[in-house]
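K.L.:
Here you go, this is query15.txt (compact mmCIF, C-alpha atoms and all ligand atoms).
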# COMPACT_ATOMS: atom_id res chain seq x y z
CA MET A 47 174.19 24.77 -5.16
CA THR A 48 170.65 26.06 -5.31
CA ASN A 49 168.95 27.13 -2.08
CA PHE A 50 165.22 27.12 -2.67
CA PRO A 51 163.15 30.00 -1.22
CA ILE A 52 160.59 27.54 0.11
CA SER A 53 158.49 30.06 2.02
CA GLU A 54 158.00 31.96 -1.25
CA PHE A 55 156.97 28.77 -2.97
CA GLU A 56 154.16 28.16 -0.44
CA ASN A 57 152.11 31.01 -1.91
CA GLN A 58 152.70 30.16 -5.56
CA CYS A 59 150.38 28.29 -7.84
CA THR A 60 152.08 25.06 -8.87
CA PRO A 61 153.50 23.73 -11.12
CA PHE A 62 156.04 26.39 -12.13
CA TYR A 63 159.64 26.69 -13.21
CA PHE A 64 162.12 28.10 -10.74
CA TYR A 65 165.30 29.64 -12.13
CA ASP A 66 168.36 30.32 -10.00
CA ILE A 67 169.76 33.30 -11.92
CA THR A 68 172.73 33.54 -9.57
CA LEU A 69 173.79 30.08 -10.69
CA LEU A 70 173.22 31.01 -14.34
CA ARG A 71 175.51 34.04 -13.88
CA ARG A 72 178.20 31.93 -12.23
CA THR A 73 177.93 29.45 -15.09
CA LEU A 74 178.30 32.21 -17.68
CA ASP A 75 181.32 33.58 -15.78
CA GLU A 76 183.03 30.19 -16.00
CA ILE A 77 182.32 29.99 -19.73
CA LYS A 78 183.76 33.44 -20.29
CA ARG A 79 186.80 32.59 -18.23
CA TYR A 80 187.70 29.38 -20.07
CA SER A 81 186.69 30.43 -23.57
CA ASN A 82 188.78 33.57 -23.34
CA HIS A 83 191.09 32.54 -26.16
CA PRO A 84 191.93 34.20 -29.50
CA GLY A 85 189.23 33.52 -32.10
CA TYR A 86 186.87 31.67 -29.74
CA HIS A 87 183.19 32.66 -29.91
CA VAL A 88 180.47 31.09 -27.78
CA HIS A 89 176.89 31.00 -29.00
CA TYR A 90 173.93 29.93 -26.89
CA ALA A 91 171.67 27.30 -28.50
CA VAL A 92 168.37 29.07 -28.01
CA LYS A 93 166.30 25.91 -28.39
CA ALA A 94 167.32 24.82 -24.87
CA ASN A 95 165.29 27.64 -23.30
CA VAL A 96 163.93 30.94 -24.69
CA ASN A 97 162.71 32.33 -21.40
CA PRO A 98 163.23 36.12 -21.82
CA VAL A 99 164.92 36.60 -18.41
CA ILE A 100 167.42 33.88 -19.28
CA LEU A 101 168.01 35.29 -22.76
CA GLY A 102 168.63 38.68 -21.15
CA GLU A 103 171.32 37.26 -18.87
CA ILE A 104 173.00 35.50 -21.80
CA LEU A 105 172.87 38.68 -23.88
CA ASN A 106 174.51 40.62 -21.03
CA ALA A 107 177.25 38.01 -20.84
CA GLY A 108 178.11 38.83 -24.45
CA LEU A 109 177.35 35.47 -26.04
CA GLY A 110 175.92 35.05 -29.54
CA VAL A 111 173.05 32.69 -30.37
CA ASP A 112 172.45 29.60 -32.42
CA CYS A 113 168.91 29.28 -33.77
CA VAL A 114 167.16 26.35 -35.42
CA SER A 115 163.99 28.08 -36.65
CA GLY A 116 162.72 31.42 -37.87
CA GLY A 117 160.77 31.74 -34.64
CA GLU A 118 163.99 31.43 -32.66
CA VAL A 119 165.67 34.06 -34.83
CA GLU A 120 162.74 36.38 -34.06
CA ALA A 121 162.93 35.59 -30.33
CA ALA A 122 166.69 36.27 -30.32
CA MET A 123 166.27 39.59 -32.16
CA LYS A 124 163.48 40.59 -29.78
CA ALA A 125 165.73 39.79 -26.81
CA GLY A 126 168.30 42.20 -28.24
CA PHE A 127 170.87 39.96 -29.93
CA SER A 128 172.31 41.67 -32.98
CA ALA A 129 172.04 39.88 -36.32
CA ASP A 130 175.81 39.56 -36.63
CA LYS A 131 175.74 37.26 -33.58
CA ILE A 132 173.01 34.97 -34.90
CA VAL A 133 173.68 31.72 -36.72
CA PHE A 134 170.87 29.60 -38.10
CA ALA A 135 170.99 25.79 -38.39
CA GLY A 136 168.39 23.12 -39.10
CA VAL A 137 167.71 20.40 -41.70
CA GLY A 138 164.42 21.85 -42.88
CA LYS A 139 164.54 25.61 -43.27
CA SER A 140 161.37 26.99 -44.91
CA ASP A 141 161.61 29.68 -47.58
CA TRP A 142 160.20 32.34 -45.25
CA GLU A 143 162.83 31.47 -42.65
CA ILE A 144 165.64 31.85 -45.18
CA GLU A 145 164.16 35.14 -46.38
CA MET A 146 163.92 36.42 -42.83
CA GLY A 147 167.53 35.48 -42.11
CA LEU A 148 168.63 37.31 -45.25
CA THR A 149 166.48 40.35 -44.51
CA HIS A 150 168.18 40.71 -41.11
CA ASP A 151 171.64 39.83 -42.51
CA ILE A 152 172.30 37.15 -39.91
CA ALA A 153 175.90 36.06 -39.47
CA CYS A 154 175.63 32.60 -41.01
CA PHE A 155 173.32 29.87 -42.28
CA ASN A 156 174.51 26.43 -41.25
CA VAL A 157 173.51 24.45 -44.33
CA GLU A 158 172.68 20.76 -44.11
CA SER A 159 172.23 19.63 -47.75
CA LEU A 160 172.83 20.55 -51.39
CA PRO A 161 169.12 21.15 -52.13
CA GLU A 162 169.03 23.60 -49.21
CA LEU A 163 172.14 25.38 -50.48
CA GLU A 164 170.54 25.73 -53.92
CA VAL A 165 167.38 27.24 -52.45
CA ILE A 166 169.43 29.69 -50.36
CA GLN A 167 171.31 30.75 -53.53
CA GLU A 168 168.02 31.20 -55.40
CA ILE A 169 166.36 33.26 -52.66
CA ALA A 170 169.48 35.36 -52.01
CA ALA A 171 169.79 36.12 -55.75
CA LYS A 172 166.16 37.22 -55.86
CA MET A 173 166.73 39.49 -52.85
CA GLN A 174 170.08 40.71 -54.21
CA LYS A 175 171.81 39.59 -51.04
CA VAL A 176 174.80 37.43 -50.28
CA ALA A 177 174.17 34.60 -47.84
CA ARG A 178 177.07 33.68 -45.59
CA VAL A 179 177.00 29.93 -45.11
CA ALA A 180 178.81 27.16 -43.28
CA LEU A 181 178.36 23.56 -44.32
CA ARG A 182 177.21 21.23 -41.58
CA VAL A 183 179.33 18.14 -41.90
CA ASN A 184 178.35 14.81 -40.43
CA PRO A 185 181.69 13.53 -39.11
CA ASN A 186 180.39 10.02 -38.33
CA ILE A 187 181.41 10.16 -34.67
CA ASP A 188 179.58 8.25 -31.95
CA ALA A 189 178.92 10.67 -29.12
CA HIS A 190 178.09 7.79 -26.73
CA THR A 191 174.85 9.36 -25.71
CA HIS A 192 171.20 8.28 -25.95
CA HIS A 193 170.33 7.27 -29.53
CA TYR A 194 167.59 9.91 -29.66
CA ILE A 195 170.13 12.68 -29.10
CA THR A 196 173.10 11.49 -31.11
CA THR A 197 173.33 13.43 -34.34
CA GLY A 198 176.80 12.86 -35.78
CA LEU A 199 176.51 9.30 -37.09
CA ALA A 200 176.32 8.64 -40.83
CA GLU A 201 172.76 7.31 -40.60
CA ASN A 202 171.40 10.40 -38.80
CA LYS A 203 169.32 12.86 -40.78
CA PHE A 204 171.66 15.73 -39.85
CA GLY A 205 174.47 17.22 -41.86
CA ILE A 206 176.31 16.43 -45.06
CA ASN A 207 178.11 13.10 -45.45
CA ILE A 208 181.86 13.56 -45.64
CA GLU A 209 181.96 11.72 -48.99
CA LYS A 210 179.63 14.32 -50.48
CA LEU A 211 181.48 17.31 -49.04
CA ASP A 212 183.88 17.87 -51.97
CA ASP A 213 181.03 18.26 -54.43
CA ILE A 214 179.05 20.59 -52.21
CA ILE A 215 182.04 22.82 -51.45
CA GLU A 216 182.68 23.05 -55.18
CA ALA A 217 179.04 23.92 -55.83
CA ALA A 218 179.05 26.56 -53.07
CA MET A 219 182.16 28.24 -54.43
CA LYS A 220 180.47 28.68 -57.82
CA MET A 221 177.36 30.30 -56.40
CA SER A 222 177.21 34.05 -56.90
CA ASN A 223 175.04 34.84 -53.88
CA VAL A 224 176.58 32.44 -51.41
CA GLU A 225 179.75 33.08 -49.44
CA LEU A 226 181.22 29.91 -47.97
CA GLN A 227 182.60 30.82 -44.55
CA GLY A 228 183.25 27.58 -42.82
CA LEU A 229 182.47 24.11 -41.66
CA HIS A 230 179.96 23.30 -38.96
CA PHE A 231 179.64 20.21 -36.77
CA HIS A 232 177.32 19.10 -33.99
CA ILE A 233 177.69 15.50 -32.87
CA GLY A 234 174.98 15.12 -30.24
CA SER A 235 173.79 16.21 -26.84
CA GLN A 236 174.38 15.33 -23.17
CA ILE A 237 177.96 14.26 -23.91
CA THR A 238 179.68 13.76 -20.56
CA ILE A 239 183.12 12.58 -21.66
CA ASN A 240 185.67 14.58 -23.63
CA ASP A 241 186.66 11.79 -26.01
CA PRO A 242 184.05 12.55 -28.69
CA PHE A 243 185.24 16.19 -28.73
CA LYS A 244 188.83 15.02 -29.14
CA LEU A 245 187.79 12.73 -32.03
CA LEU A 246 185.89 15.62 -33.56
CA SER A 247 188.96 17.87 -33.31
CA GLU A 248 191.09 15.26 -35.04
CA LYS A 249 188.52 14.80 -37.80
CA ILE A 250 188.44 18.56 -38.36
CA ASN A 251 192.26 18.67 -38.52
CA GLU A 252 192.15 15.98 -41.21
CA LEU A 253 189.56 17.87 -43.23
CA GLN A 254 191.37 21.19 -42.91
CA ALA A 255 194.65 19.58 -44.01
CA LYS A 256 192.94 17.94 -46.97
CA TYR A 257 191.28 21.13 -48.19
CA GLY A 258 194.30 23.24 -47.36
CA LYS A 259 196.29 21.24 -49.89
CA LYS A 260 193.72 22.17 -52.51
CA GLY A 261 194.01 25.82 -51.53
CA ILE A 262 190.63 25.89 -49.79
CA THR A 263 190.60 27.53 -46.37
CA PHE A 264 187.74 28.47 -44.08
CA LYS A 265 187.20 31.65 -42.10
CA SER A 266 185.53 29.76 -39.29
CA ILE A 267 185.02 26.36 -37.77
CA ASN A 268 181.94 25.65 -35.65
CA VAL A 269 182.06 22.63 -33.33
CA GLY A 270 178.41 22.84 -32.21
CA GLY A 271 177.32 22.07 -28.68
CA GLY A 272 176.57 18.92 -26.77
CA LEU A 273 178.41 19.27 -23.46
CA GLY A 274 176.36 17.43 -20.85
CA ILE A 275 175.37 18.15 -17.26
CA ASP A 276 175.33 15.94 -14.15
CA TYR A 277 171.67 15.05 -13.72
CA ASP A 278 172.47 12.78 -10.77
CA ASN A 279 174.31 15.40 -8.69
CA PRO A 280 172.83 18.82 -9.35
CA ASN A 281 174.09 20.23 -6.03
CA GLU A 282 177.66 18.93 -6.06
CA ASN A 283 178.08 19.48 -9.81
CA ASP A 284 176.09 22.59 -10.51
CA ILE A 285 178.50 23.93 -13.14
CA PRO A 286 179.84 21.68 -15.92
CA ASP A 287 183.57 21.28 -16.36
CA PHE A 288 184.07 24.03 -18.92
CA TYR A 289 187.79 24.07 -18.27
CA SER A 290 188.24 20.52 -19.62
CA TYR A 291 185.77 21.10 -22.43
CA PHE A 292 187.47 24.17 -23.89
CA ASN A 293 190.87 22.72 -23.11
CA THR A 294 190.13 19.67 -25.28
CA PHE A 295 189.75 21.96 -28.27
CA LYS A 296 192.72 24.12 -27.31
CA LYS A 297 194.81 20.98 -27.10
CA TYR A 298 193.66 18.98 -30.12
CA LEU A 299 192.09 21.31 -32.67
CA LYS A 300 194.55 23.04 -34.97
CA LEU A 301 193.23 26.37 -36.16
CA ASN A 302 194.71 28.30 -39.06
CA GLU A 303 196.17 31.74 -38.47
CA GLY A 304 193.32 34.11 -37.59
CA GLN A 305 190.65 31.41 -37.92
CA GLU A 306 187.55 31.66 -35.73
CA LEU A 307 186.27 28.79 -33.61
CA HIS A 308 182.58 28.84 -32.72
CA PHE A 309 180.81 26.87 -30.00
CA GLU A 310 177.06 26.39 -29.62
CA LEU A 311 176.28 25.36 -26.07
CA GLY A 312 172.72 24.86 -24.88
CA ARG A 313 172.13 22.41 -22.07
CA SER A 314 175.42 23.10 -20.28
CA ILE A 315 174.55 26.80 -19.93
CA VAL A 316 170.98 26.63 -18.66
CA GLY A 317 170.38 23.03 -17.52
CA GLN A 318 171.27 23.25 -13.85
CA CYS A 319 169.76 26.66 -13.08
CA GLY A 320 166.16 25.47 -13.57
CA SER A 321 163.92 23.24 -11.46
CA LEU A 322 160.32 22.27 -11.98
CA ILE A 323 158.42 22.90 -8.75
CA THR A 324 155.30 20.84 -8.18
CA ARG A 325 152.93 19.95 -5.32
CA VAL A 326 151.86 16.54 -4.19
CA LEU A 327 148.15 16.08 -4.83
CA TYR A 328 147.66 12.57 -3.48
CA VAL A 329 149.61 9.70 -2.08
CA LYS A 330 148.09 6.52 -3.41
CA GLU A 331 148.90 3.09 -1.99
CA GLY A 332 149.09 0.37 -4.62
CA THR A 333 149.47 -3.31 -3.73
CA GLU A 334 153.26 -3.23 -4.12
CA LYS A 335 154.00 0.41 -4.71
CA LYS A 336 153.23 3.83 -3.30
CA PHE A 337 152.52 6.59 -5.80
CA ALA A 338 153.18 10.26 -5.15
CA ILE A 339 150.83 11.94 -7.60
CA VAL A 340 152.05 15.47 -8.32
CA ASP A 341 150.44 18.36 -10.19
CA ALA A 342 153.15 18.55 -12.88
CA GLY A 343 153.28 16.11 -15.75
CA PHE A 344 155.03 15.59 -19.04
CA THR A 345 153.17 18.64 -20.27
CA GLU A 346 155.65 20.68 -18.16
CA LEU A 347 158.71 18.43 -18.46
CA ILE A 348 158.72 15.83 -21.21
CA ARG A 349 162.32 14.61 -21.00
CA PRO A 350 161.58 11.52 -18.85
CA ALA A 351 158.77 10.43 -21.20
CA LEU A 352 160.60 11.36 -24.41
CA TYR A 353 164.21 10.35 -23.72
CA GLN A 354 163.91 8.01 -20.72
CA ALA A 355 165.76 10.75 -18.87
CA HIS A 356 165.97 10.86 -15.10
CA HIS A 357 165.93 14.07 -13.08
CA ASN A 358 166.74 14.17 -9.38
CA ILE A 359 163.60 14.56 -7.29
CA GLU A 360 163.59 16.26 -3.88
CA ASN A 361 160.87 16.71 -1.31
CA LEU A 362 161.49 20.27 -0.10
CA THR A 363 158.99 20.20 2.75
CA SER A 364 159.59 16.97 4.63
CA ASN A 365 162.37 15.66 6.85
CA ASP A 366 160.58 12.48 7.83
CA GLU A 367 161.90 8.96 7.37
CA ILE A 368 162.72 7.85 3.84
CA GLU A 369 160.17 5.85 1.89
CA LYS A 370 159.92 4.57 -1.64
CA TYR A 371 157.61 6.18 -4.19
CA ASP A 372 156.83 6.27 -7.86
CA VAL A 373 156.46 9.97 -8.64
CA VAL A 374 153.83 10.38 -11.34
CA GLY A 375 151.90 13.18 -13.02
CA PRO A 376 148.22 13.62 -13.77
CA ILE A 377 148.35 13.15 -17.57
CA CYS A 378 146.39 10.28 -19.08
CA GLU A 379 149.46 8.40 -20.36
CA SER A 380 151.47 5.70 -18.58
CA SER A 381 154.71 7.38 -19.62
CA ASP A 382 153.78 10.34 -17.41
CA CYS A 383 156.17 9.27 -14.68
CA PHE A 384 159.08 11.32 -13.28
CA GLY A 385 160.71 8.48 -11.38
CA GLU A 386 160.20 4.93 -10.16
CA ASP A 387 161.31 3.74 -6.71
CA GLU A 388 162.40 7.23 -5.65
CA MET A 389 163.66 7.36 -2.07
CA LEU A 390 162.04 10.45 -0.54
CA PRO A 391 161.29 11.77 2.94
CA LYS A 392 157.73 10.64 3.68
CA VAL A 393 155.40 12.38 1.27
CA LYS A 394 152.00 13.84 2.09
CA ARG A 395 149.43 15.93 0.26
CA GLY A 396 150.65 19.51 -0.18
CA ASP A 397 154.37 18.74 -0.04
CA ILE A 398 156.49 20.74 -2.45
CA ILE A 399 158.67 18.69 -4.77
CA ALA A 400 161.59 19.96 -6.87
CA ILE A 401 162.45 18.16 -10.08
CA ARG A 402 166.01 19.24 -10.65
CA SER A 403 168.22 20.09 -13.63
CA ALA A 404 165.22 21.11 -15.71
CA GLY A 405 166.53 24.38 -17.15
CA ALA A 406 167.26 22.93 -20.59
CA TYR A 407 164.62 21.35 -22.82
CA GLY A 408 162.07 21.79 -20.04
CA GLU A 409 159.89 24.89 -20.17
CA ILE A 410 160.46 25.27 -23.91
CA MET A 411 159.05 21.81 -24.60
CA ALA A 412 155.92 22.36 -22.48
CA SER A 413 152.63 21.56 -24.18
CA GLN A 414 148.94 22.11 -23.55
CA TYR A 415 147.95 18.47 -23.92
CA ASN A 416 144.86 17.71 -21.81
CA CYS A 417 144.07 21.48 -22.09
CA ARG A 418 146.61 22.23 -19.42
CA LYS A 419 148.03 25.71 -18.87
CA LEU A 420 151.62 26.51 -19.80
CA PRO A 421 153.83 26.82 -16.70
CA LYS A 422 154.84 30.19 -15.23
CA SER A 423 158.33 31.04 -14.00
CA VAL A 424 159.77 32.30 -10.72
CA TYR A 425 163.31 33.67 -10.42
CA LYS A 426 165.92 34.08 -7.73
CA MET A 427 168.26 36.88 -8.80
C1 LIG B 501 170.72 21.49 -30.16
C2 LIG B 501 171.88 22.07 -30.83
C3 LIG B 501 172.92 22.61 -30.09
C4 LIG B 501 172.97 22.60 -28.58
O1 LIG B 501 173.05 21.34 -28.05
P1 LIG B 501 173.28 21.15 -26.47
O2 LIG B 501 173.41 19.69 -26.34
O3 LIG B 501 172.09 21.68 -25.77
O4 LIG B 501 174.53 21.86 -26.11
C5 LIG B 501 173.96 23.19 -30.79
N1 LIG B 501 173.98 23.23 -32.13
C6 LIG B 501 172.99 22.72 -32.88
C7 LIG B 501 173.06 22.80 -34.34
C8 LIG B 501 171.90 22.12 -32.27
O5 LIG B 501 170.94 21.60 -32.99
Using structure tokens, write down the structure that the file contains.
Ligand SMILES: *Cc1c(COP(=O)(O)O)cnc(C)c1O

P.N.:
Amino acid sequence: MTNFPISEFENQCTPFYFYDITLLRRTLDEIKRYSNHPGYHVHYAVKANVNPVILGEILNAGLGVDCVSGGEVEAAMKAGFSADKIVFAGVGKSDWEIEMGLTHDIACFNVESLPELEVIQEIAAKMQKVARVALRVNPNIDAHTHHYITTGLAENKFGINIEKLDDIIEAAMKMSNVELQGLHFHIGSQITINDPFKLLSEKINELQAKYGKKGITFKSINVGGGLGIDYDNPNENDIPDFYSYFNTFKKYLKLNEGQELHFELGRSIVGQCGSLITRVLYVKEGTEKKFAIVDAGFTELIRPALYQAHHNIENLTSNDEIEKYDVVGPICESSDCFGEDEMLPKVKRGDIIAIRSAGAYGEIMASQYNCRKLPKSVYKM
């Protein structure tokens, strides 16, 4: 549970991100504990948060990284991750991004289509390099999450359809500058039940058995990320259930002798350690509603506006009787609302509000819309 250093907050310019690094370390310890299994490798999905302090902690914990752009590969290298711990996914890799990955000899390109594979072969041949690749397979599994963040269904833009996989594997094996290392999967995000991961394991077993019969084996399997966090109970449930998560794979996924299993966790690593801290500017009485107008908006945290997500909201500076508020930001868009009918201790101008569980897809998605400044960060070590 996060204890906020409220007296420190009083002097800070709001809005800002607050990161509880102690909680991040405890989270990383749990991951290390339950992923300590032969062949298991955990990568951090950098797109959740590239804050350098956070990257530093994750580097120290010994994790690798999963990147989805050339910029993220650069950020990871700058933070100190070695190229052999960097994998690079994404449906639309530009030529310069592929070249950069090859220049640094990153561990693996997670390839999402045949045209992409052909371009990687062409660029690698020109550079006289060999590109290690994994094929991202779309397993057609419903992750039971919001439709904006489900990625493993046949109609999603991500990955290679299973029916096309035979042809692409065959093509890859003929390419002189491509080394096919494995299969990659990522079925969605904010998955809070283990069933989709069990289904994924079974699908992978089927595929491995099928290709095994043809004499095709893979050095590694990558099951992506997607483990969710408890947005409703950030204090009681500050660390996701990594035991059950890793255990699902230990129990259901059959690895070949010496085969590696890679994970790419984003939200579950950094989600709960971050909060967006904002001040109340005005309390406005509508005819039916009361609005708490705060100085943060979707420019700092876009998840409510973008995914209809809800983050717990706490008034850190009031113990008065509970009243009902819509908590809204200053941006000129009606979607700039953090919560409707929030029950909060009576709010007044100057109160400090914490918007919880904002460590993942928060700061990194901040924008300068309305010419606003990008948020700063404060840390508790
Ligand atoms: C976004 C992403 C992840 C991480 O997803 P989380 O839900 O944050 O764990 C992992 N792998 C790939 C390929 C991704 O695009």

K.L.:
Within 6 Å of ligand LIG 501 (chain B), counting all atoms listed in the file, which protein or nucleic acid residues do you find, written as a PDB file with C-alpha atoms, keeping the file's coordinate frame?

P.N.:
ATOM      1  CA  ALA A  91     171.670  27.300 -28.500  1.00  0.00           C
ATOM      2  CA  ALA A  94     167.320  24.820 -24.870  1.00  0.00           C
ATOM      3  CA  ALA A 135     170.990  25.790 -38.390  1.00  0.00           C
ATOM      4  CA  HIS A 232     177.320  19.100 -33.990  1.00  0.00           C
ATOM      5  CA  SER A 235     173.790  16.210 -26.840  1.00  0.00           C
ATOM      6  CA  GLN A 236     174.380  15.330 -23.170  1.00  0.00           C
ATOM      7  CA  GLY A 270     178.410  22.840 -32.210  1.00  0.00           C
ATOM      8  CA  GLY A 271     177.320  22.070 -28.680  1.00  0.00           C
ATOM      9  CA  GLY A 272     176.570  18.920 -26.770  1.00  0.00           C
ATOM     10  CA  LEU A 273     178.410  19.270 -23.460  1.00  0.00           C
ATOM     11  CA  GLU A 310     177.060  26.390 -29.620  1.00  0.00           C
ATOM     12  CA  LEU A 311     176.280  25.360 -26.070  1.00  0.00           C
ATOM     13  CA  GLY A 312     172.720  24.860 -24.880  1.00  0.00           C
ATOM     14  CA  ARG A 313     172.130  22.410 -22.070  1.00  0.00           C
TER      15      ARG A 313
END

K.L.:
Name the closest residue to Ile250 in chain A among the candidates A:Met219, A:Ala355, A:Ile377, A:Leu299; distances are taken between atoms, counting only C-alpha atoms.

P.N.:
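Of A:Met219, A:Ala355, A:Ile377, A:Leu299, the one nearest Ile250 in chain A is A:Leu299, counting only C-alpha atoms.
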
K.L.:
At a cut-off of 12 Å from (193.2, 14.9, -25.5) in the coordinates of the file, what residues are picked up using all atoms listed in the file, written as a list in words?

P.N.:
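Taken together, the residues in range are Ile239, Asn240, Asp241, Pro242, Phe243, Lys244, Leu245, Leu246, Ser247, Glu248, Ser290, Tyr291, Phe292, Asn293, Thr294, Phe295, Lys296, Lys297, Tyr298 and Leu299 of chain A.
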
K.L.:
Grab the CA of His230 in chain A to CA of Ile132 in chain A distance for me, in Å with one decimal place.

P.N.:
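It comes out at 14.2 Å.
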
K.L.:
Find the spatial neighbours of Val114 in chain A, counting all atoms listed in the file, within a cut-off of 9 Å - ignore same-chain residues fewer than 5 positions away - and output them as an MDAnalysis selection string.

P.N.:
chainID A and resid 91:93 119 133:137 139

K.L.:
Under the rule of at most 10 Å, produce a per-residue listing of range 249-347 of chain A near range 384-387 of chain A: chain, number, name, the closest pair of atoms, and the distance in Å, as a Markdown table, using all atoms listed in the file.

P.N.:
| residue | atom | partner | partner_atom | distance |
| --- | --- | --- | --- | --- |
| A:Lys335 | CA | A:Asp387 | CA | 8.3 |
| A:Lys336 | CA | A:Asp387 | CA | 8.8 |
| A:Phe337 | CA | A:Glu386 | CA | 9.0 |
| A:Ala338 | CA | A:Gly385 | CA | 9.9 |
| A:Val340 | CA | A:Phe384 | CA | 9.6 |
| A:Ala342 | CA | A:Phe384 | CA | 9.4 |
| A:Gly343 | CA | A:Phe384 | CA | 7.9 |
| A:Phe344 | CA | A:Phe384 | CA | 8.2 |
| A:Leu347 | CA | A:Phe384 | CA | 8.8 |

K.L.:
So, counting all atoms listed in the file, which residue among A:Gly138, A:Gly228, A:Gly117, A:Pro84 is closest to Val96 in chain A?

P.N.:
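Nearest to Val96 in chain A: A:Gly117.
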
K.L.:
Here is a test: counting all atoms listed in the file, which residue of A:Leu420, A:Ala107, A:Ile339, A:Ile187 is nearest to Arg72 in chain A?

P.N.:
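Among the listed residues, A:Ala107 lies closest to Arg72 in chain A.
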
K.L.:
Which residues are near Glu379 in chain A? Cut-off 12 Å, only C-alpha atoms, ignore same chain within fewer than 6 positions. Put them as a list in words.

P.N.:
Gly343, Phe344, Thr345, Ile348, Ala351, Tyr415 and Asn416 of chain A

K.L.:
List the spatial neighbours of range 392-402 of chain A as a VMD selection string - criterion: any atom at most 6 Å away, all atoms listed in the file, same-chain residues fewer than 4 positions off excluded.

P.N.:
chain A and resid 321 to 328 357 to 363 366 to 369

K.L.:
Considering only C-alpha atoms, state which residue in the set A:Ser128, A:Tyr65, A:Lys78, A:Val316 is at the smallest distance from Tyr289 in chain A.

P.N.:
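Closest residue, counting only C-alpha atoms: A:Lys78.
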
K.L.:
Could you check the closest approach to Phe62 in chain A for each of A:Ala404, A:Cys417, A:Leu109, A:Ala177 and tell me which residue wins, using all atoms listed in the file?

P.N.:
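Closest candidate: A:Ala404.
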
K.L.:
Which residue, A:Pro61, A:Gly375, A:Pro280, A:Gly205, has the smallest gap to Asn186 in chain A when you use only C-alpha atoms?

P.N.:
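Residue with the minimum atom-to-atom distance to Asn186 in chain A: A:Gly205.
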
K.L.:
CA of Ile275 in chain A and CA of Ser81 in chain A are how many Å apart?

P.N.:
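Interatomic distance here is 17.9 Å.
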
K.L.:
Please identify all polymer residues within 9 Å of Asn281 in chain A, counting all atoms listed in the file, omitting same-chain residues fewer than 5 positions from it, and present them as a PyMOL selection string.

P.N.:
chain A and resi 47-48+318

K.L.:
Counting only C-alpha atoms, which residues sit no farther than 12 Å from the position (182.7, 17.1, -50.3) in the file's frame? I'd like them as a PyMOL selection string.

P.N.:
chain A and resi 159-160+181-185+205-219+229+253+256-257+262

K.L.:
Rounded to one decimal place, report the CA of Arg79 in chain A-CA of Phe288 in chain A distance in Å.

P.N.:
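For CA of Arg79 in chain A relative to CA of Phe288 in chain A, the distance reads 9.0 Å.
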
K.L.:
Fewer than 3 positions away in the same chain doesn't count, so skip those; otherwise give me all residues within 12 Å of Ile166 in chain A, counting all atoms listed in the file, as a PyMOL selection string.

P.N.:
chain A and resi 138-148+154-163+169-179+218+221-225

K.L.:
Please produce range 229-236 of chain A, completed to N, CA, C and O atoms, as a JSON list (two decimals), in the frame of the given file.

P.N.:
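As a result, out.json now contains:
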[["chain", "number", "residue", "atom", "x", "y", "z"],
["A", 229, "LEU", "N", 183.04, 25.43, -41.88],
["A", 229, "LEU", "CA", 182.47, 24.11, -41.66],
["A", 229, "LEU", "C", 181.84, 24.08, -40.28],
["A", 229, "LEU", "O", 182.37, 24.66, -39.33],
["A", 230, "HIS", "N", 180.72, 23.37, -40.20],
["A", 230, "HIS", "CA", 179.96, 23.30, -38.96],
["A", 230, "HIS", "C", 179.75, 21.84, -38.58],
["A", 230, "HIS", "O", 179.56, 20.99, -39.46],
["A", 231, "PHE", "N", 179.81, 21.57, -37.29],
["A", 231, "PHE", "CA", 179.64, 20.21, -36.77],
["A", 231, "PHE", "C", 178.78, 20.28, -35.52],
["A", 231, "PHE", "O", 178.78, 21.28, -34.81],
["A", 232, "HIS", "N", 178.02, 19.22, -35.27],
["A", 232, "HIS", "CA", 177.32, 19.10, -33.99],
["A", 232, "HIS", "C", 177.03, 17.63, -33.82],
["A", 232, "HIS", "O", 176.23, 17.07, -34.56],
["A", 233, "ILE", "N", 177.68, 16.97, -32.87],
["A", 233, "ILE", "CA", 177.69, 15.50, -32.87],
["A", 233, "ILE", "C", 176.66, 14.89, -31.93],
["A", 233, "ILE", "O", 176.49, 13.68, -31.94],
["A", 234, "GLY", "N", 175.98, 15.69, -31.14],
["A", 234, "GLY", "CA", 174.98, 15.12, -30.24],
["A", 234, "GLY", "C", 174.85, 15.95, -28.99],
["A", 234, "GLY", "O", 175.41, 17.04, -28.90],
["A", 235, "SER", "N", 174.09, 15.44, -28.05],
["A", 235, "SER", "CA", 173.79, 16.21, -26.84],
["A", 235, "SER", "C", 174.02, 15.35, -25.60],
["A", 235, "SER", "O", 174.11, 14.13, -25.70],
["A", 236, "GLN", "N", 174.15, 16.03, -24.46],
["A", 236, "GLN", "CA", 174.38, 15.33, -23.17],
["A", 236, "GLN", "C", 175.60, 14.41, -23.27],
["A", 236, "GLN", "O", 175.57, 13.24, -22.91]]
